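Coordinates as given in final-v9.cif (mmCIF, C-alpha atoms):
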data_final
loop_
_atom_site.label_atom_id
_atom_site.label_comp_id
_atom_site.auth_asym_id
_atom_site.auth_seq_id
_atom_site.Cartn_x
_atom_site.Cartn_y
_atom_site.Cartn_z
CA GLN A 1 -18.80 24.57 -10.84
CA SER A 2 -15.87 24.16 -8.50
CA GLU A 3 -13.64 21.10 -8.22
CA ARG A 4 -15.24 20.28 -4.87
CA GLU A 5 -18.75 20.47 -6.33
CA ALA A 6 -17.73 18.29 -9.26
CA ALA A 7 -16.26 15.69 -6.90
CA ALA A 8 -19.41 15.73 -4.77
CA LEU A 9 -21.49 14.95 -7.85
CA CYS A 10 -19.25 11.97 -8.66
CA LEU A 11 -19.12 10.61 -5.12
CA PRO A 12 -22.11 8.23 -5.40
CA VAL A 13 -20.56 6.60 -8.48
CA LEU A 14 -17.17 6.33 -6.79
CA GLU A 15 -18.75 4.81 -3.69
CA GLU A 16 -20.52 2.25 -5.84
CA LEU A 17 -17.26 1.39 -7.61
CA VAL A 18 -15.48 1.02 -4.27
CA ALA A 19 -18.24 -1.30 -3.04
CA VAL A 20 -17.82 -3.51 -6.10
CA ALA A 21 -14.10 -3.31 -6.90
CA ALA A 22 -12.05 -2.58 -3.75
CA LYS A 23 -12.18 -6.07 -2.27
CA PRO A 24 -11.18 -7.88 -5.51
CA LEU A 25 -8.41 -5.36 -6.18
CA LEU A 26 -7.04 -5.79 -2.65
CA SER A 27 -7.17 -9.58 -3.09
CA ILE A 28 -4.98 -9.15 -6.18
CA LEU A 29 -2.44 -7.33 -4.02
CA GLY A 30 -2.53 -10.10 -1.45
CA GLY A 31 -2.45 -13.08 -3.75
CA CYS A 32 -1.13 -12.33 -7.22
CA ASP A 33 2.54 -12.75 -8.13
CA SER A 34 2.44 -10.63 -11.27
CA ARG A 35 4.15 -7.28 -10.77
CA PRO A 36 2.27 -5.52 -13.62
CA VAL A 37 -1.07 -6.80 -12.34
CA LYS A 38 -0.27 -5.63 -8.79
CA ALA A 39 0.80 -2.23 -10.15
CA ALA A 40 -2.46 -1.90 -12.07
CA ALA A 41 -4.45 -2.87 -8.97
CA CYS A 42 -2.60 -0.26 -6.90
CA MET A 43 -3.28 2.40 -9.52
CA ALA A 44 -6.98 1.49 -9.65
CA LEU A 45 -7.18 1.60 -5.84
CA ALA A 46 -5.40 4.96 -5.76
CA ARG A 47 -7.93 6.33 -8.22
CA LEU A 48 -10.83 4.91 -6.26
CA ALA A 49 -9.35 6.56 -3.16
CA SER A 50 -9.54 9.97 -4.81
CA THR A 51 -11.91 11.36 -2.17
CA ASN A 52 -11.69 11.27 1.59
CA GLU A 53 -14.98 9.38 1.74
CA THR A 54 -13.90 6.58 -0.58
CA THR A 55 -10.49 6.39 1.08
CA GLN A 56 -12.18 5.96 4.46
CA THR A 57 -14.33 3.16 3.07
CA ILE A 58 -11.32 1.39 1.56
CA LEU A 59 -9.52 1.65 4.90
CA GLU A 60 -12.38 0.66 7.21
CA GLU A 61 -14.45 -1.81 5.25
CA HIS A 62 -11.75 -3.47 3.20
CA GLY A 63 -8.68 -3.45 5.48
CA ALA A 64 -6.41 -1.83 2.92
CA ALA A 65 -3.64 -0.95 5.38
CA ARG A 66 -3.23 -4.58 6.43
CA VAL A 67 -3.01 -5.69 2.79
CA VAL A 68 -0.50 -2.94 1.95
CA ALA A 69 1.58 -3.92 4.98
CA GLY A 70 1.78 -7.47 3.65
CA LEU A 71 3.61 -6.26 0.56
CA VAL A 72 6.56 -4.82 2.49
CA PRO A 73 9.16 -7.15 4.09
CA HIS A 74 8.60 -7.70 7.80
CA ARG A 75 12.08 -8.67 8.97
CA PRO A 76 14.40 -6.00 10.32
CA ALA A 77 16.94 -4.72 7.84
CA LYS A 78 20.46 -5.95 8.47
CA PRO A 79 22.97 -3.45 9.78
CA SER A 80 25.40 -2.91 6.91
CA SER A 81 28.48 -3.25 9.13
CA PHE A 82 27.83 -6.90 10.11
CA ALA A 83 28.70 -10.01 8.15
CA VAL A 84 25.83 -12.48 7.88
CA PRO A 85 25.64 -16.20 7.11
CA ALA A 86 24.76 -17.20 3.55
CA ASP A 87 21.21 -18.33 4.41
CA VAL A 88 20.49 -15.01 6.12
CA GLN A 89 21.99 -13.18 3.15
CA ARG A 90 19.61 -15.06 0.79
CA THR A 91 16.66 -14.07 2.98
CA LEU A 92 17.77 -10.44 2.93
CA GLU A 93 18.16 -10.59 -0.85
CA LYS A 94 14.57 -11.90 -1.11
CA ASP A 95 13.43 -8.98 1.04
CA VAL A 96 15.23 -6.53 -1.23
CA ALA A 97 13.66 -8.20 -4.27
CA GLN A 98 10.24 -7.96 -2.62
CA MET A 99 10.83 -4.29 -1.89
CA THR A 100 12.09 -3.40 -5.35
CA ALA A 101 9.14 -5.22 -6.90
CA LEU A 102 6.83 -2.56 -5.48
CA SER A 103 5.74 -0.17 -8.18
CA SER A 104 5.36 3.57 -7.91
CA SER A 105 1.60 3.00 -7.96
CA PHE A 106 1.98 1.13 -4.64
CA PHE A 107 3.41 4.28 -3.08
CA ARG A 108 0.73 6.37 -4.76
CA PHE A 109 -1.95 4.20 -3.14
CA VAL A 110 -0.19 4.41 0.25
CA SER A 111 -0.08 8.21 -0.08
CA CYS A 112 -3.82 8.24 -0.78
CA LEU A 113 -4.42 6.24 2.39
CA ALA A 114 -2.16 8.63 4.32
CA ARG A 115 -4.36 11.60 3.42
CA LEU A 116 -6.62 10.67 6.33
CA PRO A 117 -5.70 10.46 10.01
CA ASP A 118 -7.00 6.86 10.14
CA GLY A 119 -4.77 5.97 7.21
CA GLN A 120 -1.76 7.67 8.77
CA GLN A 121 -2.36 5.78 12.00
CA ALA A 122 -2.76 2.44 10.22
CA ILE A 123 0.36 2.94 8.11
CA GLN A 124 2.31 3.85 11.24
CA THR A 125 0.84 0.94 13.24
CA TYR A 126 1.81 -1.56 10.54
CA GLY A 127 5.21 0.12 10.05
CA VAL A 128 4.77 0.28 6.27
CA LEU A 129 6.92 3.32 5.57
CA ARG A 130 9.51 2.53 8.23
CA ARG A 131 10.08 -0.92 6.75
CA ALA A 132 10.12 0.46 3.22
CA VAL A 133 12.67 3.12 4.08
CA GLU A 134 14.87 0.58 5.88
CA ARG A 135 15.00 -1.49 2.71
CA MET A 136 15.91 1.49 0.51
CA ASP A 137 19.30 1.60 2.21
CA THR A 138 20.17 -2.11 1.85
#
Go ahead and render the structure in this file as structure tokens.
Amino acid sequence: QSEREAAALCLPVLEELVAVAAKPLLSILGGCDSRPVKAAACMALARLASTNETTQTILEEHGAARVVAGLVPHRPAKPSSFAVPADVQRTLEKDVAQMTALSSSFFRFVSCLARLPDGQQAIQTYGVLRRAVERMDT
């Protein structure tokens, strides 16, 4: 059997897993301070989002893009040519720490969401990649 046929046979099980696990895994991303636990949650979500159908469910029914957006700093990156006061510098350092705390599994999950047009639109609307890229240069 082809890869597509094999995936179709597994889809009901994946959909059931998404129904049970997606919301708790996303709540870990939104409320847990442990980097390894967040990384594991992102990896589990990326694996659950292995089909277009399950990805769509995670996006629509569980608001994954909004949760993902909450993990990336929201403030604009500072232009490197300007001096900033100490309190602003501390805030920027916290943003950089928040950004570097994101695991590769976070980006894997984001790439799974971006497989679908709805995911691409949500990621663009929330500015997830733009904000992430801005922070890579700070």
Inset, instruction - Would you write out, as number ranges by chain, every residue that the PyMOL selection byres ((chain A and resi 14) around 12) captures in this file? - result: A: 7-13, 15-22, 44-55, 57-58
Distance table requested - range 29-97 of chain A against range 116-128 of chain A, cut-off 7 Å, only C-alpha atoms: one row per qualifying residue with the closest atom pair and its distance in Å to one decimal, ordered by chain and rising residue number, as a Markdown table.
| residue | atom | partner | partner_atom | distance |
| --- | --- | --- | --- | --- |
| A:Asn52 | CA | A:Leu116 | CA | 7.0 |
| A:Leu59 | CA | A:Gly119 | CA | 6.8 |
| A:Ala65 | CA | A:Ala122 | CA | 6.0 |
| A:Ala69 | CA | A:Val128 | CA | 5.4 |
| A:Val72 | CA | A:Val128 | CA | 6.6 |
Inset, instruction - Find the distance between CA of Lys38 in chain A and CA of Pro24 in chain A and write it in Å to one decimal. - result: 11.6 Å
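Of the residues listed (A:Cys112, A:Leu71, A:Glu60, A:Thr91), A:Leu71 shows the shortest atom-to-atom separation from Asp33 in chain A; distances use only C-alpha atoms.
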Legend entry - Å distance separating CA of Ile28 in chain A from CA of Ser111 in chain A, one decimal place: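 The value is 19.0 Å.
Of the listed residues (A:Val37, A:Val68, A:Ala101, A:Gln56), A:Gln56 comes nearest to Arg115 in chain A; the distances count all atoms listed in the file.
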Inset, instruction - Quote the spacing between CA of Ala132 in chain A and CA of Cys32 in chain A in Å to one decimal place. - result: 20.0 Å
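Between Arg131 in chain A and the residues A:Met99, A:Val88, A:Cys42, A:Leu25, the shortest atom-to-atom distance, using all atoms listed in the file, involves A:Met99.
Using all atoms listed in the file, the nearest neighbour of Phe109 in chain A within the list A:Gly31, A:Met43, A:Leu26, A:Pro36 is A:Met43.
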Would you place a box with edges along x, y and z of the file around all atoms of range 126-135 of chain A listed there, add 8 Å to each of its six sides, and report the centre and edge lengths in Å to one decimal, as AutoDock Vina command-line options?
--center_x 8.4 --center_y 0.9 --center_z 6.6 --size_x 29.2 --size_y 20.9 --size_z 23.8
